[in-house]
$ cat target.tsv   # TSV, C-alpha atoms
chain	number	residue	atom	x	y	z
R	279	MET	CA	64.94	-68.10	-2.12
R	280	THR	CA	61.83	-66.41	-0.78
R	281	GLU	CA	58.67	-68.44	-1.09
R	282	LYS	CA	55.55	-67.05	-2.74
R	283	SER	CA	53.73	-67.35	0.59
R	284	ASP	CA	56.28	-64.95	2.15
R	285	PHE	CA	55.32	-62.29	-0.40
R	286	THR	CA	51.64	-62.95	0.24
R	287	GLN	CA	52.19	-62.64	3.98
R	288	ARG	CA	53.90	-59.27	3.56
R	289	THR	CA	51.04	-57.94	1.44
R	290	GLN	CA	48.51	-59.09	4.04
R	291	GLN	CA	50.64	-57.62	6.83
R	292	LYS	CA	50.68	-54.19	5.19
R	293	LEU	CA	46.88	-54.30	4.90
R	294	ARG	CA	46.63	-55.17	8.60
R	295	TYR	CA	48.95	-52.26	9.41
R	296	ALA	CA	46.67	-49.93	7.45
R	297	ARG	CA	43.76	-51.26	9.54
R	298	ILE	CA	45.65	-50.53	12.76
R	299	HIS	CA	46.27	-46.91	11.71
R	300	LEU	CA	42.64	-46.49	10.68
R	301	ASP	CA	41.36	-47.94	13.95
R	302	GLU	CA	43.65	-45.61	15.91
R	303	LEU	CA	42.42	-42.69	13.83
R	304	LYS	CA	38.79	-43.57	14.42
R	305	SER	CA	39.36	-43.83	18.18
R	306	MET	CA	41.26	-40.55	18.30
R	307	PRO	CA	40.46	-38.60	21.48
R	308	LYS	CA	37.94	-35.85	20.70
R	309	SER	CA	40.11	-33.45	22.71
R	310	LEU	CA	42.71	-33.56	19.94
R	311	GLY	CA	40.21	-32.22	17.41
R	312	ARG	CA	39.86	-32.91	13.74
R	313	GLY	CA	42.81	-31.60	11.76
R	314	SER	CA	45.27	-32.18	14.62
R	315	GLU	CA	48.81	-33.38	14.06
R	316	TYR	CA	47.69	-36.77	15.41
R	317	GLU	CA	44.97	-37.04	12.80
R	318	ARG	CA	47.20	-35.85	9.96
R	319	ALA	CA	50.00	-38.26	10.95
R	320	HIS	CA	47.54	-41.15	10.90
R	321	HIS	CA	46.15	-40.09	7.51
R	322	GLU	CA	49.63	-40.26	6.05
R	323	ALA	CA	50.52	-43.49	7.85
R	324	PHE	CA	47.29	-45.13	6.66
R	325	ILE	CA	47.84	-44.11	3.03
R	326	SER	CA	51.47	-45.23	3.21
R	327	GLN	CA	50.54	-48.69	4.52
R	328	LEU	CA	47.67	-49.01	2.04
R	329	PHE	CA	50.01	-48.47	-0.90
R	330	GLY	CA	52.76	-50.42	0.81
R	331	ALA	CA	50.37	-53.36	0.45
R	332	TYR	CA	49.96	-52.57	-3.25
R	333	ASP	CA	53.74	-52.37	-3.70
R	334	ALA	CA	54.12	-55.71	-1.90
R	335	PHE	CA	51.45	-57.12	-4.19
R	336	LEU	CA	53.51	-56.08	-7.22
R	337	ILE	CA	56.31	-58.22	-5.80
R	338	GLU	CA	53.84	-61.10	-5.63
R	339	LEU	CA	52.87	-60.51	-9.26
R	340	ASN	CA	56.54	-60.53	-10.25
R	341	GLN	CA	56.76	-64.05	-8.77
R	342	TYR	CA	53.44	-65.36	-10.07
R	343	LEU	CA	53.94	-64.10	-13.61
R	344	GLY	CA	57.60	-65.17	-13.77
R	345	CYS	CA	58.94	-61.72	-14.60
R	346	GLY	CA	62.20	-62.20	-12.72
R	347	LEU	CA	62.69	-58.57	-11.70
R	348	ALA	CA	64.76	-57.73	-8.62
R	349	LYS	CA	62.29	-57.26	-5.77
R	350	ASP	CA	63.67	-53.81	-4.94
R	351	ASN	CA	63.06	-52.52	-8.48
R	352	ILE	CA	59.46	-53.38	-9.34
R	353	SER	CA	56.75	-51.20	-10.80
R	354	LEU	CA	53.64	-51.96	-12.78
R	355	GLY	CA	55.28	-50.61	-15.94
R	356	LYS	CA	58.42	-52.71	-15.45
R	357	LEU	CA	56.29	-55.83	-14.99
R	358	ARG	CA	54.34	-55.08	-18.17
R	359	ASN	CA	57.53	-54.39	-20.13
R	360	LYS	CA	59.22	-57.57	-18.89
R	361	LEU	CA	56.25	-59.68	-20.00
R	362	LYS	CA	56.14	-57.83	-23.32
R	363	ASP	CA	59.85	-58.56	-23.86
R	364	LYS	CA	59.02	-62.24	-23.32
R	365	GLY	CA	56.19	-62.04	-25.84
R	366	ASN	CA	53.54	-62.34	-23.12
R	367	SER	CA	50.87	-60.15	-21.60
R	368	SER	CA	48.70	-60.23	-18.52
R	369	LYS	CA	45.09	-59.19	-18.05
R	370	VAL	CA	45.93	-58.50	-14.41
R	371	LEU	CA	48.59	-55.96	-15.35
R	372	THR	CA	46.36	-54.43	-18.04
R	373	ASP	CA	43.48	-54.05	-15.59
R	374	LEU	CA	45.72	-52.54	-12.91
R	375	TYR	CA	47.18	-50.12	-15.45
R	376	LYS	CA	43.70	-48.99	-16.52
R	377	LEU	CA	42.68	-48.51	-12.88
R	378	SER	CA	45.79	-46.46	-12.18
R	379	LYS	CA	44.99	-44.16	-15.11
R	380	ASP	CA	41.30	-43.67	-14.25
R	381	SER	CA	41.51	-40.30	-12.52
R	382	ALA	CA	38.01	-40.74	-11.04
R	383	SER	CA	38.79	-44.13	-9.44
R	384	TRP	CA	39.29	-44.51	-5.70
R	385	PHE	CA	42.68	-46.05	-6.50
R	386	CYS	CA	43.96	-43.11	-8.50
R	387	ILE	CA	42.70	-40.55	-5.97
R	388	ALA	CA	44.22	-42.44	-3.05
R	389	LYS	CA	47.50	-42.95	-4.93
R	390	ASP	CA	47.69	-39.25	-5.78
R	391	MET	CA	47.24	-38.48	-2.08
R	392	ARG	CA	49.94	-40.98	-1.13
R	393	ASP	CA	52.35	-39.57	-3.70
R	394	LEU	CA	51.73	-36.01	-2.53
R	395	SER	CA	52.07	-36.83	1.16
R	396	THR	CA	55.19	-38.92	0.58
R	397	HIS	CA	57.04	-36.54	-1.70
R	398	VAL	CA	55.64	-33.01	-1.50
R	399	SER	CA	53.35	-31.96	1.33
R	400	GLY	CA	50.49	-33.11	3.53
R	401	ILE	CA	47.16	-34.34	2.24
R	402	PRO	CA	44.88	-31.36	1.48
R	403	LEU	CA	41.93	-31.26	3.87
R	404	ALA	CA	38.79	-29.25	4.58
R	405	HIS	CA	37.45	-29.17	8.14
R	406	TYR	CA	33.84	-28.66	9.13
R	407	ALA	CA	32.66	-28.10	12.67
R	408	HIS	CA	29.17	-29.20	13.63
R	409	ILE	CA	27.08	-26.12	14.27
R	410	GLY	CA	23.92	-26.15	16.36
R	411	GLY	CA	22.33	-28.78	18.56
R	412	GLY	CA	21.98	-32.46	17.89
R	413	GLY	CA	25.37	-33.69	19.04
R	414	GLY	CA	26.99	-34.07	15.61
R	415	SER	CA	30.72	-34.29	15.21
R	416	ASP	CA	33.32	-32.39	13.28
R	417	LYS	CA	34.23	-33.68	9.84
R	418	THR	CA	37.41	-33.79	7.84
R	419	GLN	CA	37.00	-33.95	4.09
R	420	LEU	CA	39.88	-35.09	1.94
R	421	LYS	CA	40.69	-32.94	-1.08
R	422	HIS	CA	42.09	-34.30	-4.29
R	423	PRO	CA	45.69	-33.07	-4.41
R	424	ILE	CA	45.47	-32.01	-8.06
R	425	THR	CA	41.91	-30.73	-8.52
R	426	MET	CA	41.39	-29.73	-4.85
R	427	LYS	CA	37.86	-31.10	-5.20
R	428	GLU	CA	36.54	-32.41	-1.89
R	429	TYR	CA	36.08	-36.15	-1.68
R	430	GLU	CA	32.42	-36.94	-1.04
R	431	LYS	CA	33.00	-38.89	2.19
R	432	ASP	CA	34.49	-37.95	5.52
R	433	ALA	CA	38.14	-39.02	5.74
R	434	PHE	CA	37.30	-41.90	8.09
R	435	GLU	CA	34.64	-43.23	5.72
R	436	ALA	CA	36.86	-42.78	2.66
R	437	PHE	CA	39.72	-44.66	4.28
R	438	GLU	CA	37.40	-47.46	5.39
R	439	THR	CA	36.14	-47.79	1.81
R	440	TRP	CA	39.63	-47.66	0.32
R	441	LEU	CA	40.90	-50.35	2.67
R	442	ALA	CA	38.03	-52.64	1.72
R	443	GLU	CA	38.62	-51.89	-1.96
R	444	MET	CA	42.35	-52.67	-1.68
R	445	TRP	CA	41.60	-56.00	0.06
R	446	GLU	CA	39.22	-56.90	-2.78
R	447	LEU	CA	41.60	-55.71	-5.51
R	448	ILE	CA	44.43	-57.83	-4.16
R	449	LYS	CA	42.23	-60.87	-3.63
R	450	LYS	CA	40.75	-60.65	-7.14
R	451	TYR	CA	44.02	-60.03	-8.97
R	452	ARG	CA	46.01	-62.55	-6.94
R	453	THR	CA	43.52	-65.21	-8.00
R	454	MET	CA	43.66	-64.05	-11.63
R	455	ALA	CA	47.47	-63.97	-11.64
R	456	LEU	CA	47.70	-67.48	-10.23
R	457	THR	CA	45.28	-68.64	-12.93
R	458	GLU	CA	47.33	-66.88	-15.64
R	459	ALA	CA	50.50	-68.47	-14.29
R	460	GLY	CA	48.86	-71.88	-14.59

$ encode --input "target.tsv" --output "structure tokens"
Amino acid sequence: MTEKSDFTQRTQQKLRYARIHLDELKSMPKSLGRGSEYERAHHEAFISQLFGAYDAFLIELNQYLGCGLAKDNISLGKLRNKLKDKGNSSKVLTDLYKLSKDSASWFCIAKDMRDLSTHVSGIPLAHYAHIGGGGGSDKTQLKHPITMKEYEKDAFEAFETWLAEMWELIKKYRTMALTEAG
């Protein structure tokens, strides 16, 4: 039997992997240029690891909340349904569901980008070259894969924010789930 700490370790590991990809992206040689294959590969790898951490966290929740689902067949909806079948509910699962349905949330935008890049095509981007003096750098803006609206931050900044948000989300909801589990 796998211990709860093993699931926690895997979640934390995936977050560290996301950090590694982000750090590599941020130290990308300028000679490669924004929008290069190197940059795009790291965008997709970062997003994949970020949501790999979320998927690993769902496995944690399965353990903490006593849902008993097979670890290779877990989703937020399946966790909610399993608890419902047992006559239980979870504020953690309700909150995560609401976040996943809030199309303006960082979580939903990032998840849409992960889903697109995993199953359909690359993450939509807009590139801006610095024009004029002052030594500015090129920028890559992420675009929402459905609305094509540009995300307000440069890709590096957005990813940094999303990684911090995912760390906080997991920390908060892990604590709540453990409290719910008693």

$ residues_around --input "target.tsv" --residues "Asn351 of chain R" --least-positions-apart "6" --cutoff "12 Å" --atoms "all atoms listed in the file" --output "MDAnalysis selection string"
chainID R and resid 333:334 336:337 340 345 357

$ closest_atom_pairs --input "target.tsv" --of "segment 416-435 of chain R" --to "segment 381-402 of chain R" --cutoff "10 Å" --atoms "only C-alpha atoms" --output "JSON lines"
{"residue": "R:Gln419", "atom": "CA", "partner": "R:Pro402", "partner_atom": "CA", "distance": 8.7}
{"residue": "R:Leu420", "atom": "CA", "partner": "R:Pro402", "partner_atom": "CA", "distance": 6.3}
{"residue": "R:Lys421", "atom": "CA", "partner": "R:Pro402", "partner_atom": "CA", "distance": 5.2}
{"residue": "R:His422", "atom": "CA", "partner": "R:Ile387", "partner_atom": "CA", "distance": 6.5}
{"residue": "R:Pro423", "atom": "CA", "partner": "R:Met391", "partner_atom": "CA", "distance": 6.1}
{"residue": "R:Ile424", "atom": "CA", "partner": "R:Asp390", "partner_atom": "CA", "distance": 7.9}
{"residue": "R:Met426", "atom": "CA", "partner": "R:Pro402", "partner_atom": "CA", "distance": 7.4}
{"residue": "R:Lys427", "atom": "CA", "partner": "R:Pro402", "partner_atom": "CA", "distance": 9.7}
{"residue": "R:Glu428", "atom": "CA", "partner": "R:Pro402", "partner_atom": "CA", "distance": 9.1}
{"residue": "R:Tyr429", "atom": "CA", "partner": "R:Ile387", "partner_atom": "CA", "distance": 9.0}

$ write_last_selection --input "target.tsv" --atoms "C-alpha atoms" --output "PDB file, keeping the file's coordinate frame"
ATOM      1  CA  GLN R 419      37.000 -33.950   4.090  1.00  0.00           C
ATOM      2  CA  LEU R 420      39.880 -35.090   1.940  1.00  0.00           C
ATOM      3  CA  LYS R 421      40.690 -32.940  -1.080  1.00  0.00           C
ATOM      4  CA  HIS R 422      42.090 -34.300  -4.290  1.00  0.00           C
ATOM      5  CA  PRO R 423      45.690 -33.070  -4.410  1.00  0.00           C
ATOM      6  CA  ILE R 424      45.470 -32.010  -8.060  1.00  0.00           C
ATOM      7  CA  MET R 426      41.390 -29.730  -4.850  1.00  0.00           C
ATOM      8  CA  LYS R 427      37.860 -31.100  -5.200  1.00  0.00           C
ATOM      9  CA  GLU R 428      36.540 -32.410  -1.890  1.00  0.00           C
ATOM     10  CA  TYR R 429      36.080 -36.150  -1.680  1.00  0.00           C
TER      11      TYR R 429
END

$ closest_residue --input "target.tsv" --among "R:Tyr451, R:Tyr295, R:Phe285, R:Tyr375" --to "His320 of chain R" --atoms "only C-alpha atoms"
R:Tyr295

$ atom_distance --input "target.tsv" --atom1 "atom CA of Lys292 of chain R" --atom2 "atom CA of Met444 of chain R"
10.9 Å

$ atom_distance --input "target.tsv" --atom1 "atom CA of Leu403 of chain R" --atom2 "atom CA of Glu317 of chain R"
11.1 Å

$ atom_distance --input "target.tsv" --atom1 "atom CA of Tyr332 of chain R" --atom2 "atom CA of Thr425 of chain R"
23.9 Å

$ residues_around --input "target.tsv" --residues "Gly313 of chain R" --least-positions-apart "6" --cutoff "10 Å" --atoms "only C-alpha atoms" --output "PyMOL selection string"
chain R and resi 319+403-406+416-419

$ build_atoms --input "target.tsv" --residues "segment 361-385 of chain R" --atoms "N, CA and C atoms" --output "compact mmCIF listing (two decimals), in the frame of the given file"
# COMPACT_ATOMS: atom_id res chain seq x y z
N LEU R 361 57.09 -58.69 -19.32
CA LEU R 361 56.25 -59.68 -20.00
C LEU R 361 56.22 -59.44 -21.50
N LYS R 362 56.15 -58.17 -21.90
CA LYS R 362 56.14 -57.83 -23.32
C LYS R 362 57.43 -58.31 -23.99
N ASP R 363 58.57 -58.10 -23.32
CA ASP R 363 59.85 -58.56 -23.86
C ASP R 363 59.87 -60.09 -24.05
N LYS R 364 59.12 -60.79 -23.22
CA LYS R 364 59.02 -62.24 -23.32
C LYS R 364 57.93 -62.69 -24.29
N GLY R 365 57.26 -61.71 -24.91
CA GLY R 365 56.19 -62.04 -25.84
C GLY R 365 54.89 -62.42 -25.16
N ASN R 366 54.74 -62.02 -23.90
CA ASN R 366 53.54 -62.34 -23.12
C ASN R 366 52.82 -61.07 -22.70
N SER R 367 51.63 -61.25 -22.19
CA SER R 367 50.87 -60.15 -21.60
C SER R 367 50.08 -60.70 -20.43
N SER R 368 49.47 -59.82 -19.68
CA SER R 368 48.70 -60.23 -18.52
C SER R 368 47.48 -59.33 -18.38
N LYS R 369 46.31 -59.95 -18.28
CA LYS R 369 45.09 -59.19 -18.05
C LYS R 369 45.16 -58.49 -16.70
N VAL R 370 45.78 -59.12 -15.73
CA VAL R 370 45.93 -58.50 -14.41
C VAL R 370 46.67 -57.18 -14.54
N LEU R 371 47.80 -57.19 -15.22
CA LEU R 371 48.59 -55.96 -15.35
C LEU R 371 47.85 -54.92 -16.18
N THR R 372 47.15 -55.36 -17.21
CA THR R 372 46.36 -54.43 -18.04
C THR R 372 45.26 -53.78 -17.21
N ASP R 373 44.56 -54.58 -16.43
CA ASP R 373 43.48 -54.05 -15.59
C ASP R 373 44.02 -53.06 -14.54
N LEU R 374 45.13 -53.43 -13.91
CA LEU R 374 45.72 -52.54 -12.91
C LEU R 374 46.20 -51.24 -13.55
N TYR R 375 46.74 -51.33 -14.74
CA TYR R 375 47.18 -50.12 -15.45
C TYR R 375 45.98 -49.21 -15.74
N LYS R 376 44.90 -49.78 -16.23
CA LYS R 376 43.70 -48.99 -16.52
C LYS R 376 43.17 -48.33 -15.25
N LEU R 377 43.14 -49.07 -14.16
CA LEU R 377 42.68 -48.51 -12.88
C LEU R 377 43.57 -47.35 -12.45
N SER R 378 44.86 -47.51 -12.61
CA SER R 378 45.79 -46.46 -12.18
C SER R 378 45.69 -45.20 -13.03
N LYS R 379 45.14 -45.31 -14.22
CA LYS R 379 44.99 -44.16 -15.11
C LYS R 379 43.59 -43.55 -15.08
N ASP R 380 42.66 -44.18 -14.37
CA ASP R 380 41.30 -43.67 -14.25
C ASP R 380 41.27 -42.63 -13.14
N SER R 381 41.37 -41.37 -13.51
CA SER R 381 41.51 -40.30 -12.52
C SER R 381 40.31 -40.18 -11.57
N ALA R 382 39.19 -40.78 -11.92
CA ALA R 382 38.01 -40.74 -11.04
C ALA R 382 37.94 -41.95 -10.11
N SER R 383 38.85 -42.91 -10.26
CA SER R 383 38.79 -44.13 -9.44
C SER R 383 39.31 -43.85 -8.03
N TRP R 384 38.81 -44.60 -7.08
CA TRP R 384 39.29 -44.51 -5.70
C TRP R 384 40.80 -44.73 -5.67
N PHE R 385 41.27 -45.68 -6.49
CA PHE R 385 42.68 -46.05 -6.50
C PHE R 385 43.55 -44.87 -6.92
